[in-house]
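Down below is the structure, laid out as C-alpha cells.
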Amino acid sequence: MDLQELPNIGPKLADNLRRVGLQDAEALRSAGAEEAFLRIRAQVDPAACFHQLTALAGAEAGVPKKALSQAKKQALRAFFDSL
C-alpha cells in the first residue's frame with residue numbers, strides 16, 4: 001500500500017518517510033510511528049512537530065489522528081517531550 005493511501009499522510013510527509021527509508025505502509029507499520037519520527041527528525045526535518053508524530057501514529061493505526069485515544073495521545077506527548 002502506498003504511503004499516501006494511509007490516513008494523515010500527504011505528499012510532504014510521504015516524501016519525508018521515503019527519504020528516511022520507509023517506502024510503503026508496511027515499512028511504516030514495521031518501524032512504528034516513534035521510530036519513523038526519530039528518523040525524520042534526525043535526517044530530514046529537525047523541527048518536526050508533535051502534530052507530525054500524531055499523524056504518523058494515526059497512519060500506523062490506520063485511523064485519522066483525531067481518532068487516537070486520549071491515552072495514546074498522552075503517551076505520544078510524553079515521548080515527544082522527552083526528546
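Note on naming: chains are A, B, ... as they come in the C-alpha cells, residues start from 1 per chain, ligands start from 1 in the order shown.
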
Selection near Gln23 in chain A, 12 Å with only C-alpha atoms, sequence-local residues under 2 positions removed, as a compact mmCIF listing (two decimals) with N, CA and C atoms, in the first residue's frame:
# COMPACT_ATOMS: atom_id res chain seq x y z
N MET A 1 0.86 -1.18 0.00
CA MET A 1 0.00 0.00 0.00
C MET A 1 0.90 1.24 0.00
N ASP A 2 0.53 2.18 -0.84
CA ASP A 2 1.28 3.43 -0.92
C ASP A 2 1.07 4.24 0.35
N LEU A 3 2.10 4.97 0.74
CA LEU A 3 2.02 5.78 1.96
C LEU A 3 0.85 6.75 1.96
N GLN A 4 0.59 7.38 0.82
CA GLN A 4 -0.47 8.39 0.77
C GLN A 4 -1.87 7.80 0.83
N LEU A 13 4.68 14.57 3.96
CA LEU A 13 5.04 13.55 4.95
C LEU A 13 5.44 12.25 4.25
N ALA A 14 4.76 11.90 3.17
CA ALA A 14 5.15 10.71 2.41
C ALA A 14 6.57 10.86 1.87
N ASP A 15 6.90 12.05 1.38
CA ASP A 15 8.26 12.30 0.89
C ASP A 15 9.27 12.16 2.01
N ASN A 16 8.96 12.72 3.18
CA ASN A 16 9.87 12.59 4.32
C ASN A 16 10.08 11.13 4.69
N LEU A 17 9.00 10.35 4.70
CA LEU A 17 9.12 8.94 5.05
C LEU A 17 10.00 8.20 4.04
N ARG A 18 9.80 8.47 2.77
CA ARG A 18 10.63 7.82 1.74
C ARG A 18 12.09 8.22 1.89
N ARG A 19 12.33 9.46 2.24
CA ARG A 19 13.70 9.95 2.38
C ARG A 19 14.44 9.29 3.55
N VAL A 20 13.69 8.75 4.51
CA VAL A 20 14.34 8.06 5.64
C VAL A 20 14.23 6.54 5.50
N GLY A 21 13.90 6.08 4.31
CA GLY A 21 13.93 4.65 4.02
C GLY A 21 12.65 3.89 4.27
N ALA A 25 3.48 1.50 3.32
CA ALA A 25 2.74 1.39 4.58
C ALA A 25 3.29 0.28 5.46
N GLU A 26 3.67 -0.83 4.87
CA GLU A 26 4.21 -1.95 5.65
C GLU A 26 5.50 -1.55 6.37
N ALA A 27 6.35 -0.81 5.68
CA ALA A 27 7.61 -0.35 6.30
C ALA A 27 7.33 0.60 7.46
N LEU A 28 6.34 1.48 7.30
CA LEU A 28 5.98 2.39 8.39
C LEU A 28 5.45 1.61 9.58
N ARG A 29 4.56 0.67 9.34
CA ARG A 29 4.00 -0.12 10.44
C ARG A 29 5.08 -0.94 11.13
N SER A 30 6.01 -1.46 10.36
CA SER A 30 7.10 -2.26 10.93
C SER A 30 8.01 -1.41 11.81
N ALA A 31 8.32 -0.22 11.37
CA ALA A 31 9.21 0.68 12.13
C ALA A 31 8.48 1.28 13.32
N ALA A 36 9.84 6.19 13.10
CA ALA A 36 9.74 6.98 11.87
C ALA A 36 9.95 8.46 12.19

Per-residue nearest contacts range 20-60 of chain A to range 71-74 of chain A, cut-off 12 Å, using only C-alpha atoms, as a Markdown table:
| residue | atom | partner | partner_atom | distance |
| --- | --- | --- | --- | --- |
| A:Ala33 | CA | A:Lys72 | CA | 11.6 |
| A:Glu34 | CA | A:Lys72 | CA | 12.0 |
| A:Phe50 | CA | A:Lys73 | CA | 9.9 |
| A:His51 | CA | A:Lys73 | CA | 10.4 |
| A:Leu53 | CA | A:Lys73 | CA | 9.7 |
| A:Thr54 | CA | A:Lys73 | CA | 7.3 |
| A:Ala55 | CA | A:Lys73 | CA | 10.8 |
| A:Leu56 | CA | A:Lys73 | CA | 11.8 |
| A:Ala57 | CA | A:Lys72 | CA | 8.7 |
| A:Gly58 | CA | A:Lys72 | CA | 9.9 |

Let's have the selection written as a tab-separated table (two decimals), in the first residue's frame, with all heavy atoms.
chain	number	residue	atom	x	y	z
A	33	ALA	N	5.56	4.47	14.59
A	33	ALA	CA	5.47	5.93	14.47
A	33	ALA	C	6.64	6.63	15.14
A	33	ALA	O	7.20	7.58	14.59
A	33	ALA	CB	4.15	6.42	15.05
A	34	GLU	N	7.01	6.18	16.33
A	34	GLU	CA	8.08	6.85	17.07
A	34	GLU	C	9.42	6.75	16.32
A	34	GLU	O	10.13	7.73	16.19
A	34	GLU	CB	8.21	6.29	18.49
A	34	GLU	CG	7.05	6.66	19.38
A	34	GLU	CD	5.92	5.63	19.38
A	34	GLU	OE1	5.88	4.75	18.47
A	34	GLU	OE2	5.06	5.69	20.27
A	50	PHE	N	4.97	17.91	17.05
A	50	PHE	CA	4.11	16.92	17.68
A	50	PHE	C	2.99	16.47	16.75
A	50	PHE	O	2.63	15.30	16.73
A	50	PHE	CB	3.54	17.49	18.99
A	50	PHE	CG	2.61	16.56	19.69
A	50	PHE	CD1	3.09	15.41	20.30
A	50	PHE	CD2	1.26	16.82	19.76
A	50	PHE	CE1	2.23	14.53	20.97
A	50	PHE	CE2	0.39	15.95	20.42
A	50	PHE	CZ	0.88	14.81	21.02
A	51	HIS	N	2.46	17.38	15.95
A	51	HIS	CA	1.37	17.04	15.04
A	51	HIS	C	1.83	16.01	14.01
A	51	HIS	O	1.06	15.14	13.61
A	51	HIS	CB	0.80	18.29	14.37
A	51	HIS	CG	0.18	19.23	15.36
A	51	HIS	ND1	-1.00	18.96	15.99
A	51	HIS	CD2	0.61	20.41	15.86
A	51	HIS	CE1	-1.29	19.95	16.83
A	51	HIS	NE2	-0.32	20.83	16.76
A	53	LEU	N	4.09	13.73	14.59
A	53	LEU	CA	4.14	12.47	15.34
A	53	LEU	C	2.75	11.85	15.45
A	53	LEU	O	2.59	10.64	15.24
A	53	LEU	CB	4.74	12.72	16.72
A	53	LEU	CG	4.78	11.52	17.67
A	53	LEU	CD1	5.57	10.35	17.09
A	53	LEU	CD2	5.35	11.94	19.02
A	54	THR	N	1.75	12.64	15.78
A	54	THR	CA	0.39	12.09	15.89
A	54	THR	C	-0.13	11.64	14.53
A	54	THR	O	-0.84	10.64	14.45
A	54	THR	CB	-0.59	13.08	16.55
A	54	THR	OG1	-0.65	14.29	15.79
A	54	THR	CG2	-0.20	13.39	17.99
A	55	ALA	N	0.24	12.34	13.47
A	55	ALA	CA	-0.15	11.91	12.13
A	55	ALA	C	0.44	10.54	11.82
A	55	ALA	O	-0.24	9.66	11.28
A	55	ALA	CB	0.30	12.94	11.09
A	56	LEU	N	1.70	10.36	12.17
A	56	LEU	CA	2.36	9.07	11.94
A	56	LEU	C	1.71	7.96	12.77
A	56	LEU	O	1.49	6.86	12.28
A	56	LEU	CB	3.85	9.17	12.27
A	56	LEU	CG	4.68	10.01	11.30
A	56	LEU	CD1	6.03	10.34	11.90
A	56	LEU	CD2	4.82	9.30	9.97
A	57	ALA	N	1.39	8.25	14.03
A	57	ALA	CA	0.75	7.26	14.89
A	57	ALA	C	-0.62	6.87	14.35
A	57	ALA	O	-0.99	5.69	14.35
A	57	ALA	CB	0.63	7.78	16.31
A	58	GLY	N	-1.37	7.86	13.86
A	58	GLY	CA	-2.67	7.56	13.26
A	58	GLY	C	-2.51	6.72	12.01
A	58	GLY	O	-3.25	5.76	11.79

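If you count only C-alpha atoms and ignore residues fewer than 5 places along the chain from Pro46 in chain A, what sits within 12 Å of it is Asn16, Phe37, Leu38, Arg39, Ile40, Arg41, Gln52 and Leu83 of chain A.
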
Output file for the selection above: N, CA, C and O atoms, as a PDB file, in the first residue's frame:
ATOM      1  N   ASN A  16       8.959  12.717   3.175  1.00  0.00           N
ATOM      2  CA  ASN A  16       9.867  12.593   4.324  1.00  0.00           C
ATOM      3  C   ASN A  16      10.080  11.132   4.694  1.00  0.00           C
ATOM      4  O   ASN A  16      11.207  10.716   4.974  1.00  0.00           O
ATOM      5  N   PHE A  37       9.353   8.926  13.273  1.00  0.00           N
ATOM      6  CA  PHE A  37       9.504  10.321  13.675  1.00  0.00           C
ATOM      7  C   PHE A  37      10.957  10.643  14.010  1.00  0.00           C
ATOM      8  O   PHE A  37      11.485  11.683  13.599  1.00  0.00           O
ATOM      9  N   LEU A  38      11.606   9.759  14.761  1.00  0.00           N
ATOM     10  CA  LEU A  38      13.012   9.979  15.109  1.00  0.00           C
ATOM     11  C   LEU A  38      13.887  10.055  13.859  1.00  0.00           C
ATOM     12  O   LEU A  38      14.784  10.895  13.772  1.00  0.00           O
ATOM     13  N   ARG A  39      13.619   9.199  12.902  1.00  0.00           N
ATOM     14  CA  ARG A  39      14.389   9.231  11.642  1.00  0.00           C
ATOM     15  C   ARG A  39      14.165  10.543  10.902  1.00  0.00           C
ATOM     16  O   ARG A  39      15.106  11.135  10.394  1.00  0.00           O
ATOM     17  N   ILE A  40      12.906  10.974  10.825  1.00  0.00           N
ATOM     18  CA  ILE A  40      12.604  12.236  10.134  1.00  0.00           C
ATOM     19  C   ILE A  40      13.314  13.386  10.830  1.00  0.00           C
ATOM     20  O   ILE A  40      13.944  14.225  10.185  1.00  0.00           O
ATOM     21  N   ARG A  41      13.238  13.421  12.155  1.00  0.00           N
ATOM     22  CA  ARG A  41      13.902  14.488  12.906  1.00  0.00           C
ATOM     23  C   ARG A  41      15.412  14.488  12.683  1.00  0.00           C
ATOM     24  O   ARG A  41      16.030  15.531  12.563  1.00  0.00           O
ATOM     25  N   GLN A  52       3.081  16.101  13.600  1.00  0.00           N
ATOM     26  CA  GLN A  52       3.610  15.118  12.656  1.00  0.00           C
ATOM     27  C   GLN A  52       3.702  13.740  13.331  1.00  0.00           C
ATOM     28  O   GLN A  52       3.391  12.728  12.718  1.00  0.00           O
ATOM     29  N   LEU A  83      12.225  14.214  24.045  1.00  0.00           N
ATOM     30  CA  LEU A  83      13.268  14.392  23.011  1.00  0.00           C
ATOM     31  C   LEU A  83      14.077  15.657  23.239  1.00  0.00           C
ATOM     32  O   LEU A  83      13.640  16.614  23.796  1.00  0.00           O
TER      33      LEU A  83
END

Within 6 Å of Pro7 in chain A, counting only C-alpha atoms, which residues qualify if same-chain residues fewer than 4 places away don't, as a list in words?
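In the requested form, the answer reads Ala59, Val63 and Pro64 of chain A.
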
Work out how far apart CA of Ala75 in chain A and CA of Ala61 in chain A are and give it in Å to one decimal.
14.5 Å

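Shortest atom-to-atom contact with Glu60 in chain A among A:Glu5, A:Gly32, A:Leu22, A:Lys12: A:Gly32, counting only C-alpha atoms.
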
By how many Å are CA of Phe80 in chain A and CA of Leu6 in chain A apart?
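That distance, rounded to one decimal, is 22.0 Å.
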
If you measure from CA of Gly62 in chain A to CA of Ser82 in chain A, what distance in Å do you get, rounded to one decimal?
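Calculated distance between CA of Gly62 in chain A and CA of Ser82 in chain A is 25.2 Å.
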
As a PDB file with N, CA and C atoms, in the first residue's frame, please: every residue in chain A that DSSP puts in helix (DSSP H, G or I).
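Output (part_17.pdb):
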ATOM      1  N   LEU A   3       2.096   4.973   0.742  1.00  0.00           N
ATOM      2  CA  LEU A   3       2.025   5.776   1.962  1.00  0.00           C
ATOM      3  C   LEU A   3       0.854   6.747   1.956  1.00  0.00           C
ATOM      4  N   GLN A   4       0.593   7.380   0.823  1.00  0.00           N
ATOM      5  CA  GLN A   4      -0.467   8.394   0.767  1.00  0.00           C
ATOM      6  C   GLN A   4      -1.867   7.796   0.828  1.00  0.00           C
ATOM      7  N   GLU A   5      -1.973   6.480   0.795  1.00  0.00           N
ATOM      8  CA  GLU A   5      -3.275   5.843   0.985  1.00  0.00           C
ATOM      9  C   GLU A   5      -3.615   5.730   2.474  1.00  0.00           C
ATOM     10  N   PRO A  11       1.458  14.475   0.667  1.00  0.00           N
ATOM     11  CA  PRO A  11       2.672  14.386  -0.150  1.00  0.00           C
ATOM     12  C   PRO A  11       3.959  14.712   0.606  1.00  0.00           C
ATOM     13  N   LYS A  12       3.947  15.722   1.452  1.00  0.00           N
ATOM     14  CA  LYS A  12       5.158  16.136   2.166  1.00  0.00           C
ATOM     15  C   LYS A  12       5.614  15.067   3.164  1.00  0.00           C
ATOM     16  N   LEU A  13       4.678  14.567   3.964  1.00  0.00           N
ATOM     17  CA  LEU A  13       5.037  13.548   4.948  1.00  0.00           C
ATOM     18  C   LEU A  13       5.445  12.249   4.249  1.00  0.00           C
ATOM     19  N   ALA A  14       4.764  11.904   3.172  1.00  0.00           N
ATOM     20  CA  ALA A  14       5.149  10.709   2.406  1.00  0.00           C
ATOM     21  C   ALA A  14       6.569  10.861   1.873  1.00  0.00           C
ATOM     22  N   ASP A  15       6.902  12.048   1.381  1.00  0.00           N
ATOM     23  CA  ASP A  15       8.255  12.298   0.891  1.00  0.00           C
ATOM     24  C   ASP A  15       9.272  12.159   2.014  1.00  0.00           C
ATOM     25  N   ASN A  16       8.959  12.717   3.175  1.00  0.00           N
ATOM     26  CA  ASN A  16       9.867  12.593   4.324  1.00  0.00           C
ATOM     27  C   ASN A  16      10.080  11.132   4.694  1.00  0.00           C
ATOM     28  N   LEU A  17       9.001  10.350   4.705  1.00  0.00           N
ATOM     29  CA  LEU A  17       9.125   8.936   5.047  1.00  0.00           C
ATOM     30  C   LEU A  17       9.998   8.199   4.035  1.00  0.00           C
ATOM     31  N   ARG A  18       9.802   8.471   2.771  1.00  0.00           N
ATOM     32  CA  ARG A  18      10.627   7.821   1.741  1.00  0.00           C
ATOM     33  C   ARG A  18      12.090   8.220   1.887  1.00  0.00           C
ATOM     34  N   ARG A  19      12.327   9.464   2.239  1.00  0.00           N
ATOM     35  CA  ARG A  19      13.703   9.951   2.385  1.00  0.00           C
ATOM     36  C   ARG A  19      14.435   9.286   3.549  1.00  0.00           C
ATOM     37  N   ALA A  25       3.480   1.503   3.315  1.00  0.00           N
ATOM     38  CA  ALA A  25       2.735   1.388   4.578  1.00  0.00           C
ATOM     39  C   ALA A  25       3.294   0.281   5.457  1.00  0.00           C
ATOM     40  N   GLU A  26       3.672  -0.832   4.865  1.00  0.00           N
ATOM     41  CA  GLU A  26       4.213  -1.949   5.650  1.00  0.00           C
ATOM     42  C   GLU A  26       5.498  -1.546   6.365  1.00  0.00           C
ATOM     43  N   ALA A  27       6.351  -0.806   5.682  1.00  0.00           N
ATOM     44  CA  ALA A  27       7.606  -0.353   6.296  1.00  0.00           C
ATOM     45  C   ALA A  27       7.328   0.596   7.457  1.00  0.00           C
ATOM     46  N   LEU A  28       6.342   1.481   7.303  1.00  0.00           N
ATOM     47  CA  LEU A  28       5.976   2.391   8.389  1.00  0.00           C
ATOM     48  C   LEU A  28       5.452   1.613   9.583  1.00  0.00           C
ATOM     49  N   ARG A  29       4.563   0.670   9.338  1.00  0.00           N
ATOM     50  CA  ARG A  29       3.999  -0.116  10.439  1.00  0.00           C
ATOM     51  C   ARG A  29       5.084  -0.941  11.131  1.00  0.00           C
ATOM     52  N   SER A  30       6.009  -1.457  10.363  1.00  0.00           N
ATOM     53  CA  SER A  30       7.096  -2.258  10.926  1.00  0.00           C
ATOM     54  C   SER A  30       8.010  -1.408  11.811  1.00  0.00           C
ATOM     55  N   ALA A  31       8.324  -0.216  11.366  1.00  0.00           N
ATOM     56  CA  ALA A  31       9.206   0.676  12.126  1.00  0.00           C
ATOM     57  C   ALA A  31       8.477   1.282  13.321  1.00  0.00           C
ATOM     58  N   ALA A  33       5.563   4.473  14.588  1.00  0.00           N
ATOM     59  CA  ALA A  33       5.475   5.926  14.471  1.00  0.00           C
ATOM     60  C   ALA A  33       6.643   6.633  15.141  1.00  0.00           C
ATOM     61  N   GLU A  34       7.013   6.178  16.330  1.00  0.00           N
ATOM     62  CA  GLU A  34       8.083   6.851  17.068  1.00  0.00           C
ATOM     63  C   GLU A  34       9.415   6.746  16.324  1.00  0.00           C
ATOM     64  N   GLU A  35       9.723   5.540  15.836  1.00  0.00           N
ATOM     65  CA  GLU A  35      10.973   5.358  15.085  1.00  0.00           C
ATOM     66  C   GLU A  35      10.965   6.185  13.803  1.00  0.00           C
ATOM     67  N   ALA A  36       9.842   6.187  13.099  1.00  0.00           N
ATOM     68  CA  ALA A  36       9.736   6.983  11.871  1.00  0.00           C
ATOM     69  C   ALA A  36       9.953   8.462  12.190  1.00  0.00           C
ATOM     70  N   PHE A  37       9.353   8.926  13.273  1.00  0.00           N
ATOM     71  CA  PHE A  37       9.504  10.321  13.675  1.00  0.00           C
ATOM     72  C   PHE A  37      10.957  10.643  14.010  1.00  0.00           C
ATOM     73  N   LEU A  38      11.606   9.759  14.761  1.00  0.00           N
ATOM     74  CA  LEU A  38      13.012   9.979  15.109  1.00  0.00           C
ATOM     75  C   LEU A  38      13.887  10.055  13.859  1.00  0.00           C
ATOM     76  N   ARG A  39      13.619   9.199  12.902  1.00  0.00           N
ATOM     77  CA  ARG A  39      14.389   9.231  11.642  1.00  0.00           C
ATOM     78  C   ARG A  39      14.165  10.543  10.902  1.00  0.00           C
ATOM     79  N   ILE A  40      12.906  10.974  10.825  1.00  0.00           N
ATOM     80  CA  ILE A  40      12.604  12.236  10.134  1.00  0.00           C
ATOM     81  C   ILE A  40      13.314  13.386  10.830  1.00  0.00           C
ATOM     82  N   ARG A  41      13.238  13.421  12.155  1.00  0.00           N
ATOM     83  CA  ARG A  41      13.902  14.488  12.906  1.00  0.00           C
ATOM     84  C   ARG A  41      15.412  14.488  12.683  1.00  0.00           C
ATOM     85  N   ALA A  42      16.010  13.310  12.653  1.00  0.00           N
ATOM     86  CA  ALA A  42      17.466  13.204  12.547  1.00  0.00           C
ATOM     87  C   ALA A  42      17.972  13.456  11.128  1.00  0.00           C
ATOM     88  N   GLN A  43      17.204  13.054  10.125  1.00  0.00           N
ATOM     89  CA  GLN A  43      17.713  13.044   8.758  1.00  0.00           C
ATOM     90  C   GLN A  43      17.101  14.090   7.830  1.00  0.00           C
ATOM     91  N   PHE A  50       4.974  17.913  17.055  1.00  0.00           N
ATOM     92  CA  PHE A  50       4.111  16.920  17.685  1.00  0.00           C
ATOM     93  C   PHE A  50       2.993  16.473  16.749  1.00  0.00           C
ATOM     94  N   HIS A  51       2.461  17.382  15.954  1.00  0.00           N
ATOM     95  CA  HIS A  51       1.369  17.036  15.041  1.00  0.00           C
ATOM     96  C   HIS A  51       1.833  16.011  14.012  1.00  0.00           C
ATOM     97  N   GLN A  52       3.081  16.101  13.600  1.00  0.00           N
ATOM     98  CA  GLN A  52       3.610  15.118  12.656  1.00  0.00           C
ATOM     99  C   GLN A  52       3.702  13.740  13.331  1.00  0.00           C
ATOM    100  N   LEU A  53       4.089  13.728  14.589  1.00  0.00           N
ATOM    101  CA  LEU A  53       4.143  12.470  15.339  1.00  0.00           C
ATOM    102  C   LEU A  53       2.753  11.846  15.451  1.00  0.00           C
ATOM    103  N   THR A  54       1.745  12.644  15.776  1.00  0.00           N
ATOM    104  CA  THR A  54       0.395  12.093  15.892  1.00  0.00           C
ATOM    105  C   THR A  54      -0.131  11.639  14.534  1.00  0.00           C
ATOM    106  N   ALA A  55       0.243  12.344  13.473  1.00  0.00           N
ATOM    107  CA  ALA A  55      -0.150  11.913  12.130  1.00  0.00           C
ATOM    108  C   ALA A  55       0.440  10.542  11.822  1.00  0.00           C
ATOM    109  N   LEU A  56       1.703  10.356  12.171  1.00  0.00           N
ATOM    110  CA  LEU A  56       2.361   9.066  11.942  1.00  0.00           C
ATOM    111  C   LEU A  56       1.712   7.961  12.771  1.00  0.00           C
ATOM    112  N   ALA A  57       1.390   8.253  14.025  1.00  0.00           N
ATOM    113  CA  ALA A  57       0.749   7.257  14.887  1.00  0.00           C
ATOM    114  C   ALA A  57      -0.623   6.871  14.346  1.00  0.00           C
ATOM    115  N   GLY A  58      -1.370   7.856  13.862  1.00  0.00           N
ATOM    116  CA  GLY A  58      -2.667   7.556  13.264  1.00  0.00           C
ATOM    117  C   GLY A  58      -2.514   6.721  12.008  1.00  0.00           C
ATOM    118  N   ALA A  59      -1.540   7.072  11.187  1.00  0.00           N
ATOM    119  CA  ALA A  59      -1.302   6.312   9.954  1.00  0.00           C
ATOM    120  C   ALA A  59      -0.916   4.875  10.292  1.00  0.00           C
ATOM    121  N   GLU A  60      -0.064   4.717  11.282  1.00  0.00           N
ATOM    122  CA  GLU A  60       0.349   3.366  11.704  1.00  0.00           C
ATOM    123  C   GLU A  60      -0.870   2.545  12.128  1.00  0.00           C
ATOM    124  N   ALA A  61      -1.796   3.179  12.844  1.00  0.00           N
ATOM    125  CA  ALA A  61      -3.002   2.503  13.336  1.00  0.00           C
ATOM    126  C   ALA A  61      -4.114   2.443  12.298  1.00  0.00           C
ATOM    127  N   LYS A  65      -5.701  11.049  12.882  1.00  0.00           N
ATOM    128  CA  LYS A  65      -5.025  11.338  14.150  1.00  0.00           C
ATOM    129  C   LYS A  65      -5.992  11.786  15.239  1.00  0.00           C
ATOM    130  N   LYS A  66      -7.087  12.429  14.870  1.00  0.00           N
ATOM    131  CA  LYS A  66      -8.059  12.860  15.873  1.00  0.00           C
ATOM    132  C   LYS A  66      -8.782  11.670  16.518  1.00  0.00           C
ATOM    133  N   ALA A  67      -8.696  10.492  15.898  1.00  0.00           N
ATOM    134  CA  ALA A  67      -9.349   9.301  16.448  1.00  0.00           C
ATOM    135  C   ALA A  67      -8.449   8.523  17.410  1.00  0.00           C
ATOM    136  N   GLN A  70      -7.156   9.063  23.987  1.00  0.00           N
ATOM    137  CA  GLN A  70      -6.515  10.047  24.856  1.00  0.00           C
ATOM    138  C   GLN A  70      -5.242   9.464  25.459  1.00  0.00           C
ATOM    139  N   ALA A  71      -5.284   8.190  25.833  1.00  0.00           N
ATOM    140  CA  ALA A  71      -4.106   7.538  26.408  1.00  0.00           C
ATOM    141  C   ALA A  71      -2.955   7.500  25.403  1.00  0.00           C
ATOM    142  N   LYS A  72      -3.267   7.200  24.139  1.00  0.00           N
ATOM    143  CA  LYS A  72      -2.226   7.163  23.111  1.00  0.00           C
ATOM    144  C   LYS A  72      -1.643   8.553  22.896  1.00  0.00           C
ATOM    145  N   LYS A  73      -2.505   9.564  22.859  1.00  0.00           N
ATOM    146  CA  LYS A  73      -2.028  10.932  22.696  1.00  0.00           C
ATOM    147  C   LYS A  73      -1.127  11.348  23.856  1.00  0.00           C
ATOM    148  N   GLN A  74      -1.491  10.945  25.068  1.00  0.00           N
ATOM    149  CA  GLN A  74      -0.664  11.265  26.234  1.00  0.00           C
ATOM    150  C   GLN A  74       0.687  10.564  26.156  1.00  0.00           C
ATOM    151  N   ALA A  75       0.684   9.311  25.710  1.00  0.00           N
ATOM    152  CA  ALA A  75       1.944   8.578  25.563  1.00  0.00           C
ATOM    153  C   ALA A  75       2.820   9.234  24.497  1.00  0.00           C
ATOM    154  N   LEU A  76       2.196   9.661  23.403  1.00  0.00           N
ATOM    155  CA  LEU A  76       2.953  10.340  22.347  1.00  0.00           C
ATOM    156  C   LEU A  76       3.511  11.667  22.848  1.00  0.00           C
ATOM    157  N   ARG A  77       2.720  12.387  23.638  1.00  0.00           N
ATOM    158  CA  ARG A  77       3.186  13.670  24.187  1.00  0.00           C
ATOM    159  C   ARG A  77       4.387  13.438  25.107  1.00  0.00           C
ATOM    160  N   ALA A  78       4.317  12.408  25.940  1.00  0.00           N
ATOM    161  CA  ALA A  78       5.442  12.093  26.840  1.00  0.00           C
ATOM    162  C   ALA A  78       6.681  11.738  26.028  1.00  0.00           C
ATOM    163  N   PHE A  79       6.519  10.963  24.976  1.00  0.00           N
ATOM    164  CA  PHE A  79       7.636  10.612  24.099  1.00  0.00           C
ATOM    165  C   PHE A  79       8.219  11.869  23.463  1.00  0.00           C
ATOM    166  N   PHE A  80       7.354  12.709  22.907  1.00  0.00           N
ATOM    167  CA  PHE A  80       7.803  13.933  22.234  1.00  0.00           C
ATOM    168  C   PHE A  80       8.528  14.849  23.210  1.00  0.00           C
ATOM    169  N   ASP A  81       7.973  15.025  24.395  1.00  0.00           N
ATOM    170  CA  ASP A  81       8.576  15.916  25.389  1.00  0.00           C
ATOM    171  C   ASP A  81       9.916  15.397  25.903  1.00  0.00           C
TER     172      ASP A  81
END
